[in-house]
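Pasting input_35.cif here (mmCIF, C-alpha atoms and all ligand atoms):
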```cif
data_input
loop_
_atom_site.group_PDB
_atom_site.id
_atom_site.type_symbol
_atom_site.label_atom_id
_atom_site.label_comp_id
_atom_site.auth_asym_id
_atom_site.auth_seq_id
_atom_site.Cartn_x
_atom_site.Cartn_y
_atom_site.Cartn_z
ATOM 1 C CA MET M 1 53.122 -0.765 1.126
ATOM 2 C CA ILE M 2 54.047 -3.687 3.318
ATOM 3 C CA VAL M 3 56.542 -1.496 5.161
ATOM 4 C CA ASN M 4 53.792 0.997 5.924
ATOM 5 C CA VAL M 5 51.571 -1.696 7.355
ATOM 6 C CA LEU M 6 54.408 -2.954 9.505
ATOM 7 C CA GLU M 7 55.165 0.541 10.736
ATOM 8 C CA THR M 8 51.540 1.112 11.581
ATOM 9 C CA TYR M 9 51.443 -2.188 13.445
ATOM 10 C CA GLN M 10 54.640 -1.279 15.271
ATOM 11 C CA ASN M 11 53.130 2.028 16.351
ATOM 12 C CA MET M 12 50.055 0.236 17.655
ATOM 13 C CA VAL M 13 52.203 -2.158 19.620
ATOM 14 C CA ASP M 14 54.190 0.738 21.065
ATOM 15 C CA ILE M 15 51.001 2.348 22.324
ATOM 16 C CA GLU M 16 50.050 -0.839 24.131
ATOM 17 C CA VAL M 17 53.395 -1.128 25.889
ATOM 18 C CA GLU M 18 53.158 0.386 29.347
ATOM 19 C CA PRO M 19 55.446 3.405 29.615
ATOM 20 C CA GLU M 20 58.183 3.159 32.197
ATOM 21 C CA LEU M 21 57.393 4.715 35.526
ATOM 22 C CA LYS M 22 59.305 7.853 36.407
ATOM 23 C CA PRO M 23 60.787 7.978 39.914
ATOM 24 C CA ASP M 24 58.944 11.203 40.707
ATOM 25 C CA LYS M 25 55.592 9.972 39.370
ATOM 26 C CA GLY M 26 52.699 11.272 41.432
ATOM 27 C CA LEU M 27 54.849 13.514 43.600
ATOM 28 C CA LEU M 28 54.131 17.212 44.036
ATOM 29 C CA ASN M 29 55.904 19.116 41.236
ATOM 30 C CA GLY M 30 57.031 15.736 39.895
ATOM 31 C CA SER M 31 55.581 13.761 37.004
ATOM 32 C CA CYS M 32 51.874 13.286 36.448
ATOM 33 C CA ASN M 33 50.570 10.165 38.184
ATOM 34 C CA ARG M 34 48.715 8.959 35.081
ATOM 35 C CA ARG M 35 50.917 6.236 33.674
ATOM 36 C CA ALA M 36 50.159 7.136 30.087
ATOM 37 C CA CYS M 37 50.965 10.800 30.732
ATOM 38 C CA GLN M 38 53.702 11.383 33.335
ATOM 39 C CA LYS M 39 54.198 14.960 32.206
ATOM 40 C CA PRO M 40 56.317 17.128 34.523
ATOM 41 C CA GLY M 41 54.694 19.746 36.722
ATOM 42 C CA ALA M 42 52.181 17.678 38.669
ATOM 43 C CA THR M 43 50.595 20.262 40.929
ATOM 44 C CA TRP M 44 47.066 18.887 41.215
ATOM 45 C CA TYR M 45 46.345 16.623 44.173
ATOM 46 C CA ASN M 46 43.870 13.776 43.868
ATOM 47 C CA LYS M 47 42.312 13.059 47.254
ATOM 48 C CA TRP M 48 41.333 9.497 46.249
ATOM 49 C CA THR M 49 44.688 8.306 44.938
ATOM 50 C CA TYR M 50 46.787 10.603 47.200
ATOM 51 C CA ALA M 51 48.889 11.440 44.148
ATOM 52 C CA HIS M 52 49.554 14.459 41.978
ATOM 53 C CA TYR M 53 48.554 15.029 38.378
ATOM 54 C CA CYS M 54 49.192 17.576 35.655
ATOM 55 C CA LYS M 55 46.530 20.177 34.972
ATOM 56 C CA ASP M 56 45.166 18.408 31.899
ATOM 57 C CA CYS M 57 44.719 15.073 33.651
ATOM 58 C CA ALA M 58 43.301 16.716 36.760
ATOM 59 C CA ARG M 59 40.678 18.383 34.583
ATOM 60 C CA LEU M 60 39.847 15.075 32.918
ATOM 61 C CA ILE M 61 39.518 13.349 36.271
ATOM 62 C CA ASN M 62 37.366 16.109 37.691
ATOM 63 C CA ARG M 63 35.148 16.033 34.621
ATOM 64 C CA SER M 64 34.659 12.280 34.844
ATOM 65 C CA ALA M 65 33.995 12.415 38.584
ATOM 66 C CA PHE M 66 31.648 15.414 38.430
ATOM 67 C CA PRO M 67 30.138 16.691 40.688
ATOM 68 C CA GLU M 68 32.799 15.295 42.999
ATOM 69 C CA LYS M 69 35.948 17.438 42.805
ATOM 70 C CA LEU M 70 38.673 14.837 43.205
ATOM 71 C CA CYS M 71 41.604 16.966 42.101
ATOM 72 C CA GLU M 72 42.561 20.291 43.567
ATOM 73 C CA GLU M 73 45.459 22.492 42.593
ATOM 74 C CA VAL M 74 48.102 22.665 45.292
ATOM 75 C CA THR M 75 48.750 26.251 46.275
ATOM 76 C CA ASN M 76 50.839 27.782 49.036
ATOM 77 C CA ASN M 77 47.657 28.357 50.996
ATOM 78 C CA ASN M 78 46.436 24.787 51.141
ATOM 79 C CA LEU M 79 49.985 23.491 51.664
ATOM 80 C CA LYS M 80 50.095 25.458 54.920
ATOM 81 C CA GLY M 81 46.680 24.054 55.781
ATOM 82 C CA ASP M 82 47.943 20.468 55.415
ATOM 83 C CA LYS M 83 50.657 21.023 57.990
ATOM 84 C CA SER M 84 48.306 22.134 60.751
HETATM 85 ZN ZN ZN M 101 48.906 14.133 33.134
#
```
Entire entry expressed as structure tokens:
Amino acid sequence: MIVNVLETYQNMVDIEVEPELKPDKGLLNGSCNRRACQKPGATWYNKWTYAHYCKDCARLINRSAFPEKLCEEVTNNNLKGDKS
């Protein structure tokens, strides 16, 4: 019983520890810019933070910022547009 409590406490502590930052965090096709996420395949650009997010986080951000659309998926079309 005591072991279970300790394990539960340990898990809680682990959640509170900030995950290490990946070197490609926030980069296009890198890791999601959300520190707690950092999933690979960040293809959604956030125009406020100038960083990239995974689809799930981009959706969350857009939902919380509604009706402002902060995150947009980076496609070949709008990549070309950025260069002009
Ligand atoms: Zn994410």
* **Sphere at (45.3, 14.2, 33.6), radius 10 Å, counting all atoms listed in the file: residues as JSON, numbers by chain** => {"M": [32, 33, 34, 35, 36, 37, 38, 39, 42, 44, 52, 53, 54, 55, 56, 57, 58, 59, 60, 61, 62, 71]}
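Separating atom CA of Gly30 of chain M from atom CA of Val74 of chain M is a distance of 12.5 Å.
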* For atom CA of Lys22 of chain M and atom CA of Glu72 of chain M, quote the distance in Å rounded to one decimal. =>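 Atom CA of Lys22 of chain M sits 22.1 Å away from atom CA of Glu72 of chain M.
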* Work out how far atom CA of Glu68 of chain M is from atom CA of Pro23 of chain M, in Å to one decimal. => 29.1 Å
* **Nearest-residue call for ligand ZN 101 (chain M), choices M:Asn78, M:Ser64, M:Asn46, M:Ser31, using only C-alpha atoms and all ligand atoms** =>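 Distance minimum relative to ligand ZN 101 (chain M) lands on M:Ser31.
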* Minimum-distance residue to ligand ZN 101 (chain M), chosen among M:Trp48, M:Phe66, M:Thr75, M:Lys25 (using only C-alpha atoms and all ligand atoms) ->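 For ligand ZN 101 (chain M), the nearest of the candidates is M:Lys25.
The nearest approach to ligand ZN 101 (chain M) among the residues M:Thr49, M:Pro40, M:Leu21, M:Ala65, with only C-alpha atoms and all ligand atoms taken into account, belongs to M:Pro40.
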* Rank nothing, just name the residue among M:Thr43, M:Asn77, M:Arg63, M:Leu70 nearest to ligand ZN 101 (chain M), using all atoms listed in the file. =>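 Answer, going by the shortest atom-to-atom distance: M:Thr43.
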* Nearest to Lys69 of chain M: which of M:Leu27, M:Tyr45, M:Glu20, M:Tyr50 is it, counting only C-alpha atoms? ->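 Looking at the shortest contact to Lys69 of chain M, the residue is M:Tyr45.
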Output requested as a PDB file, in the coordinates of the input - segment 26-47 of chain M, filled out with N, CA and C atoms.
```pdb
ATOM      1  N   GLY M  26      53.715  11.068  40.406  1.00  0.00           N
ATOM      2  CA  GLY M  26      52.699  11.272  41.432  1.00  0.00           C
ATOM      3  C   GLY M  26      53.125  12.194  42.557  1.00  0.00           C
ATOM      4  N   LEU M  27      54.378  12.608  42.547  1.00  0.00           N
ATOM      5  CA  LEU M  27      54.849  13.514  43.600  1.00  0.00           C
ATOM      6  C   LEU M  27      54.522  14.956  43.237  1.00  0.00           C
ATOM      7  N   LEU M  28      54.390  15.793  44.266  1.00  0.00           N
ATOM      8  CA  LEU M  28      54.131  17.212  44.036  1.00  0.00           C
ATOM      9  C   LEU M  28      55.283  17.821  43.243  1.00  0.00           C
ATOM     10  N   ASN M  29      54.941  18.520  42.173  1.00  0.00           N
ATOM     11  CA  ASN M  29      55.904  19.116  41.236  1.00  0.00           C
ATOM     12  C   ASN M  29      56.736  18.064  40.499  1.00  0.00           C
ATOM     13  N   GLY M  30      56.349  16.801  40.623  1.00  0.00           N
ATOM     14  CA  GLY M  30      57.031  15.736  39.895  1.00  0.00           C
ATOM     15  C   GLY M  30      56.304  15.439  38.598  1.00  0.00           C
ATOM     16  N   SER M  31      56.253  14.151  38.236  1.00  0.00           N
ATOM     17  CA  SER M  31      55.581  13.761  37.004  1.00  0.00           C
ATOM     18  C   SER M  31      54.142  13.349  37.299  1.00  0.00           C
ATOM     19  N   CYS M  32      53.293  13.619  36.318  1.00  0.00           N
ATOM     20  CA  CYS M  32      51.874  13.286  36.448  1.00  0.00           C
ATOM     21  C   CYS M  32      51.697  11.805  36.808  1.00  0.00           C
ATOM     22  N   ASN M  33      50.750  11.534  37.699  1.00  0.00           N
ATOM     23  CA  ASN M  33      50.570  10.165  38.184  1.00  0.00           C
ATOM     24  C   ASN M  33      49.901   9.244  37.169  1.00  0.00           C
ATOM     25  N   ARG M  34      49.325   9.811  36.096  1.00  0.00           N
ATOM     26  CA  ARG M  34      48.715   8.959  35.081  1.00  0.00           C
ATOM     27  C   ARG M  34      49.821   8.303  34.284  1.00  0.00           C
ATOM     28  N   ARG M  35      49.810   6.975  34.276  1.00  0.00           N
ATOM     29  CA  ARG M  35      50.917   6.236  33.674  1.00  0.00           C
ATOM     30  C   ARG M  35      51.129   6.595  32.206  1.00  0.00           C
ATOM     31  N   ALA M  36      50.051   6.824  31.506  1.00  0.00           N
ATOM     32  CA  ALA M  36      50.159   7.136  30.087  1.00  0.00           C
ATOM     33  C   ALA M  36      50.594   8.578  29.837  1.00  0.00           C
ATOM     34  N   CYS M  37      50.643   9.379  30.889  1.00  0.00           N
ATOM     35  CA  CYS M  37      50.965  10.800  30.732  1.00  0.00           C
ATOM     36  C   CYS M  37      52.351  11.087  31.295  1.00  0.00           C
ATOM     37  N   GLN M  38      52.433  11.125  32.622  1.00  0.00           N
ATOM     38  CA  GLN M  38      53.702  11.383  33.335  1.00  0.00           C
ATOM     39  C   GLN M  38      54.402  12.651  32.873  1.00  0.00           C
ATOM     40  N   LYS M  39      53.612  13.667  32.559  1.00  0.00           N
ATOM     41  CA  LYS M  39      54.198  14.960  32.206  1.00  0.00           C
ATOM     42  C   LYS M  39      54.749  15.613  33.473  1.00  0.00           C
ATOM     43  N   PRO M  40      55.809  16.423  33.337  1.00  0.00           N
ATOM     44  CA  PRO M  40      56.317  17.128  34.523  1.00  0.00           C
ATOM     45  C   PRO M  40      55.369  18.226  34.966  1.00  0.00           C
ATOM     46  N   GLY M  41      55.518  18.646  36.208  1.00  0.00           N
ATOM     47  CA  GLY M  41      54.694  19.746  36.722  1.00  0.00           C
ATOM     48  C   GLY M  41      53.377  19.281  37.285  1.00  0.00           C
ATOM     49  N   ALA M  42      53.409  18.194  38.054  1.00  0.00           N
ATOM     50  CA  ALA M  42      52.181  17.678  38.669  1.00  0.00           C
ATOM     51  C   ALA M  42      51.877  18.490  39.914  1.00  0.00           C
ATOM     52  N   THR M  43      50.918  19.384  39.801  1.00  0.00           N
ATOM     53  CA  THR M  43      50.595  20.262  40.929  1.00  0.00           C
ATOM     54  C   THR M  43      49.140  20.116  41.364  1.00  0.00           C
ATOM     55  N   TRP M  44      48.457  19.105  40.832  1.00  0.00           N
ATOM     56  CA  TRP M  44      47.066  18.887  41.215  1.00  0.00           C
ATOM     57  C   TRP M  44      46.968  17.612  42.042  1.00  0.00           C
ATOM     58  N   TYR M  45      46.400  17.733  43.229  1.00  0.00           N
ATOM     59  CA  TYR M  45      46.345  16.623  44.173  1.00  0.00           C
ATOM     60  C   TYR M  45      45.006  15.903  44.054  1.00  0.00           C
ATOM     61  N   ASN M  46      45.084  14.596  43.938  1.00  0.00           N
ATOM     62  CA  ASN M  46      43.870  13.776  43.868  1.00  0.00           C
ATOM     63  C   ASN M  46      43.637  13.145  45.233  1.00  0.00           C
ATOM     64  N   LYS M  47      42.532  13.493  45.874  1.00  0.00           N
ATOM     65  CA  LYS M  47      42.312  13.059  47.254  1.00  0.00           C
ATOM     66  C   LYS M  47      41.928  11.572  47.333  1.00  0.00           C
TER      67      LYS M  47
END
```
